[in-house]
Amino acid sequence: MIRKSGSRLSERIMLHQHRRAPTDSLRSHGGPPAQSDRQRIDRWLWHARLVRTRGAAAALAEAGYVRVNGARIDAPGRMVRTGRMVRTGDVITVALDRRVRVLKIMGFADRRCSAGAAVVLYEDLA
């Protein structure tokens, strides 16, 4: 139980709020806002429902099965990393289950949504 001892508690709370960076409110729900102009490739693959888990999306990108604008995504130590940010208009080529999908990024989501809503995140070019 927290006891309020005069105005000390309120002073401490105000000090804590003052120290907090303005971007903390964006990160508090776990992701960038939907109107962001870029997003990590593994996150976008997961939000667009191309893979079932985010770990599978990262593994797919690390294994080299994903290309962004023709550039292969390789191991994290290389110039183009798994955590590479993609932007609206980028063309992604993904090799999935004996099928190659070519997609143009049309937008981003701040959460994983239903399959019907995820279709608006990309345009199928293949």
# chains A, B, ... in the order shown; residues from 1 in each chain; ligands from 1

call {"tool": "residues_around", "arguments": {"residues": "region 118-125 of chain A", "least_positions_apart": "6", "cutoff": "8 Å", "atoms": "only C-alpha atoms", "output": "list of chain:residue names"}}
result
A:His47, A:Ala48, A:Arg49, A:Arg101, A:Val102, A:Leu103, A:Lys104, A:Ile105, A:Met106, A:Gly107, A:Phe108, A:Ala109, A:Arg112

call {"tool": "write_last_selection", "arguments": {"atoms": "N, CA and C atoms", "output": "compact mmCIF listing (two decimals), in the first residue's frame"}}
result
# COMPACT_ATOMS: atom_id res chain seq x y z
N HIS A 47 2.49 -8.95 -39.63
CA HIS A 47 1.26 -8.17 -39.66
C HIS A 47 0.45 -8.41 -40.93
N ALA A 48 1.13 -8.64 -42.03
CA ALA A 48 0.45 -8.88 -43.31
C ALA A 48 -0.02 -10.33 -43.43
N ARG A 49 0.21 -11.12 -42.40
CA ARG A 49 -0.22 -12.53 -42.32
C ARG A 49 0.38 -13.41 -43.40
N ARG A 101 6.13 -15.06 -53.99
CA ARG A 101 5.16 -13.96 -53.98
C ARG A 101 5.90 -12.65 -54.14
N VAL A 102 5.40 -11.81 -55.03
CA VAL A 102 5.96 -10.47 -55.25
C VAL A 102 4.90 -9.50 -54.79
N LEU A 103 5.23 -8.71 -53.78
CA LEU A 103 4.26 -7.82 -53.15
C LEU A 103 4.79 -6.40 -53.08
N LYS A 104 3.91 -5.45 -53.28
CA LYS A 104 4.24 -4.04 -53.10
C LYS A 104 3.61 -3.58 -51.80
N ILE A 105 4.39 -2.96 -50.93
CA ILE A 105 3.90 -2.50 -49.64
C ILE A 105 3.03 -1.26 -49.84
N MET A 106 1.80 -1.37 -49.40
CA MET A 106 0.85 -0.27 -49.53
C MET A 106 0.63 0.48 -48.21
N GLY A 107 0.96 -0.17 -47.09
CA GLY A 107 0.76 0.47 -45.80
C GLY A 107 1.26 -0.40 -44.67
N PHE A 108 1.05 0.09 -43.44
CA PHE A 108 1.51 -0.60 -42.24
C PHE A 108 0.38 -0.67 -41.22
N ALA A 109 0.52 -1.60 -40.31
CA ALA A 109 -0.44 -1.74 -39.21
C ALA A 109 0.34 -1.73 -37.91
N ARG A 112 -1.36 -6.90 -35.41
CA ARG A 112 -1.75 -7.94 -36.35
C ARG A 112 -3.27 -7.99 -36.38

call {"tool": "residues_around", "arguments": {"residues": "region 81-96 of chain A", "least_positions_apart": "6", "cutoff": "7 Å", "atoms": "only C-alpha atoms", "output": "ChimeraX atom specification"}}
result
/A:37-42,58,61-62,65-69,73-75,102-107

call {"tool": "select_by_dssp", "arguments": {"residues": "region 42-118 of chain A", "states": "strand (DSSP E)", "output": "ChimeraX atom specification"}}
result
/A:66-68,71-72,85-87,91-96,99-105

call {"tool": "write_last_selection", "arguments": {"atoms": "N, CA and C atoms", "output": "short mmCIF file (atom, residue, chain, number, x, y, z; two decimals), in the first residue's frame"}}
result
data_model
loop_
_atom_site.label_atom_id
_atom_site.label_comp_id
_atom_site.auth_asym_id
_atom_site.auth_seq_id
_atom_site.Cartn_x
_atom_site.Cartn_y
_atom_site.Cartn_z
N VAL A 66 13.83 -13.66 -48.43
CA VAL A 66 13.13 -12.39 -48.61
C VAL A 66 14.06 -11.41 -49.32
N ARG A 67 13.53 -10.73 -50.31
CA ARG A 67 14.26 -9.66 -51.01
C ARG A 67 13.45 -8.37 -50.91
N VAL A 68 14.13 -7.28 -50.68
CA VAL A 68 13.48 -5.97 -50.64
C VAL A 68 14.10 -5.12 -51.74
N ALA A 71 17.24 -6.50 -53.25
CA ALA A 71 18.37 -6.77 -52.36
C ALA A 71 18.00 -7.89 -51.39
N ARG A 72 18.84 -8.90 -51.33
CA ARG A 72 18.58 -10.04 -50.47
C ARG A 72 18.81 -9.69 -49.01
N MET A 85 14.40 -1.80 -42.18
CA MET A 85 13.13 -1.11 -42.24
C MET A 85 12.67 -1.03 -43.69
N VAL A 86 11.40 -1.30 -43.91
CA VAL A 86 10.81 -1.18 -45.23
C VAL A 86 9.87 0.01 -45.23
N ARG A 87 9.66 0.57 -46.39
CA ARG A 87 8.82 1.75 -46.53
C ARG A 87 7.67 1.47 -47.49
N VAL A 91 9.10 -3.02 -52.95
CA VAL A 91 8.65 -4.29 -53.52
C VAL A 91 9.38 -5.41 -52.81
N ILE A 92 8.60 -6.34 -52.26
CA ILE A 92 9.15 -7.46 -51.50
C ILE A 92 8.91 -8.75 -52.29
N THR A 93 9.95 -9.56 -52.39
CA THR A 93 9.84 -10.88 -53.00
C THR A 93 10.06 -11.90 -51.90
N VAL A 94 9.07 -12.79 -51.70
CA VAL A 94 9.13 -13.78 -50.62
C VAL A 94 8.94 -15.17 -51.21
N ALA A 95 9.85 -16.09 -50.89
CA ALA A 95 9.72 -17.48 -51.32
C ALA A 95 9.06 -18.26 -50.19
N LEU A 96 7.82 -18.69 -50.44
CA LEU A 96 7.04 -19.42 -49.44
C LEU A 96 6.50 -20.72 -50.03
N ARG A 99 6.33 -21.50 -53.66
CA ARG A 99 5.65 -20.40 -54.35
C ARG A 99 6.41 -19.10 -54.06
N VAL A 100 6.56 -18.29 -55.08
CA VAL A 100 7.23 -17.00 -54.91
C VAL A 100 6.16 -15.91 -55.00
N ARG A 101 6.13 -15.06 -53.99
CA ARG A 101 5.16 -13.96 -53.98
C ARG A 101 5.90 -12.65 -54.14
N VAL A 102 5.40 -11.81 -55.03
CA VAL A 102 5.96 -10.47 -55.25
C VAL A 102 4.90 -9.50 -54.79
N LEU A 103 5.23 -8.71 -53.78
CA LEU A 103 4.26 -7.82 -53.15
C LEU A 103 4.79 -6.40 -53.08
N LYS A 104 3.91 -5.45 -53.28
CA LYS A 104 4.24 -4.04 -53.10
C LYS A 104 3.61 -3.58 -51.80
N ILE A 105 4.39 -2.96 -50.93
CA ILE A 105 3.90 -2.50 -49.64
C ILE A 105 3.03 -1.26 -49.84
#

call {"tool": "decode", "arguments": {"residues": "region 35-68 of chain A", "atoms": "N, CA and C atoms", "output": "compact mmCIF listing (two decimals), in the first residue's frame"}}
result
# COMPACT_ATOMS: atom_id res chain seq x y z
N GLN A 35 0.44 5.15 -38.79
CA GLN A 35 0.77 6.10 -39.84
C GLN A 35 2.28 6.28 -40.01
N SER A 36 3.07 5.41 -39.42
CA SER A 36 4.51 5.46 -39.57
C SER A 36 4.88 5.20 -41.02
N ASP A 37 6.00 5.76 -41.47
CA ASP A 37 6.39 5.59 -42.86
C ASP A 37 7.32 4.41 -43.07
N ARG A 38 7.68 3.68 -42.00
CA ARG A 38 8.54 2.51 -42.15
C ARG A 38 8.30 1.53 -41.00
N GLN A 39 8.73 0.27 -41.23
CA GLN A 39 8.53 -0.79 -40.25
C GLN A 39 9.54 -1.89 -40.51
N ARG A 40 9.90 -2.63 -39.47
CA ARG A 40 10.83 -3.76 -39.64
C ARG A 40 10.22 -4.80 -40.56
N ILE A 41 11.05 -5.42 -41.39
CA ILE A 41 10.56 -6.39 -42.37
C ILE A 41 9.91 -7.60 -41.71
N ASP A 42 10.49 -8.10 -40.62
CA ASP A 42 9.89 -9.27 -39.97
C ASP A 42 8.54 -8.93 -39.36
N ARG A 43 8.41 -7.74 -38.85
CA ARG A 43 7.13 -7.30 -38.29
C ARG A 43 6.08 -7.13 -39.37
N TRP A 44 6.49 -6.55 -40.49
CA TRP A 44 5.53 -6.34 -41.57
C TRP A 44 5.04 -7.67 -42.13
N LEU A 45 5.95 -8.64 -42.31
CA LEU A 45 5.55 -9.96 -42.81
C LEU A 45 4.53 -10.62 -41.88
N TRP A 46 4.73 -10.44 -40.59
CA TRP A 46 3.82 -11.01 -39.60
C TRP A 46 2.47 -10.29 -39.60
N HIS A 47 2.49 -8.95 -39.63
CA HIS A 47 1.26 -8.17 -39.66
C HIS A 47 0.45 -8.41 -40.93
N ALA A 48 1.13 -8.64 -42.03
CA ALA A 48 0.45 -8.88 -43.31
C ALA A 48 -0.02 -10.33 -43.43
N ARG A 49 0.21 -11.12 -42.40
CA ARG A 49 -0.22 -12.53 -42.32
C ARG A 49 0.38 -13.41 -43.40
N LEU A 50 1.62 -13.14 -43.79
CA LEU A 50 2.31 -14.01 -44.72
C LEU A 50 2.92 -15.20 -43.99
N VAL A 51 3.18 -15.04 -42.70
CA VAL A 51 3.70 -16.11 -41.84
C VAL A 51 2.88 -16.14 -40.55
N ARG A 52 2.94 -17.26 -39.86
CA ARG A 52 2.12 -17.41 -38.65
C ARG A 52 2.70 -16.75 -37.42
N THR A 53 4.03 -16.76 -37.29
CA THR A 53 4.65 -16.18 -36.10
C THR A 53 5.71 -15.17 -36.50
N ARG A 54 6.02 -14.28 -35.58
CA ARG A 54 7.04 -13.28 -35.86
C ARG A 54 8.42 -13.93 -35.93
N GLY A 55 8.63 -14.95 -35.11
CA GLY A 55 9.90 -15.69 -35.15
C GLY A 55 10.10 -16.36 -36.51
N ALA A 56 9.02 -16.89 -37.08
CA ALA A 56 9.11 -17.49 -38.41
C ALA A 56 9.43 -16.43 -39.46
N ALA A 57 8.91 -15.24 -39.28
CA ALA A 57 9.20 -14.15 -40.21
C ALA A 57 10.67 -13.76 -40.14
N ALA A 58 11.22 -13.69 -38.93
CA ALA A 58 12.64 -13.35 -38.77
C ALA A 58 13.52 -14.45 -39.35
N ALA A 59 13.13 -15.71 -39.12
CA ALA A 59 13.91 -16.83 -39.65
C ALA A 59 13.87 -16.86 -41.18
N LEU A 60 12.73 -16.55 -41.74
CA LEU A 60 12.58 -16.50 -43.19
C LEU A 60 13.50 -15.43 -43.79
N ALA A 61 13.54 -14.28 -43.14
CA ALA A 61 14.39 -13.19 -43.62
C ALA A 61 15.88 -13.53 -43.45
N GLU A 62 16.23 -14.13 -42.32
CA GLU A 62 17.63 -14.49 -42.07
C GLU A 62 18.13 -15.56 -43.03
N ALA A 63 17.24 -16.47 -43.42
CA ALA A 63 17.63 -17.56 -44.32
C ALA A 63 17.81 -17.08 -45.75
N GLY A 64 17.43 -15.85 -46.05
CA GLY A 64 17.63 -15.31 -47.38
C GLY A 64 16.46 -15.51 -48.32
N TYR A 65 15.29 -15.85 -47.79
CA TYR A 65 14.12 -16.06 -48.62
C TYR A 65 13.32 -14.79 -48.89
N VAL A 66 13.83 -13.66 -48.43
CA VAL A 66 13.13 -12.39 -48.61
C VAL A 66 14.06 -11.41 -49.32
N ARG A 67 13.53 -10.73 -50.31
CA ARG A 67 14.26 -9.66 -51.01
C ARG A 67 13.45 -8.37 -50.91
N VAL A 68 14.13 -7.28 -50.68
CA VAL A 68 13.48 -5.97 -50.64
C VAL A 68 14.10 -5.12 -51.74
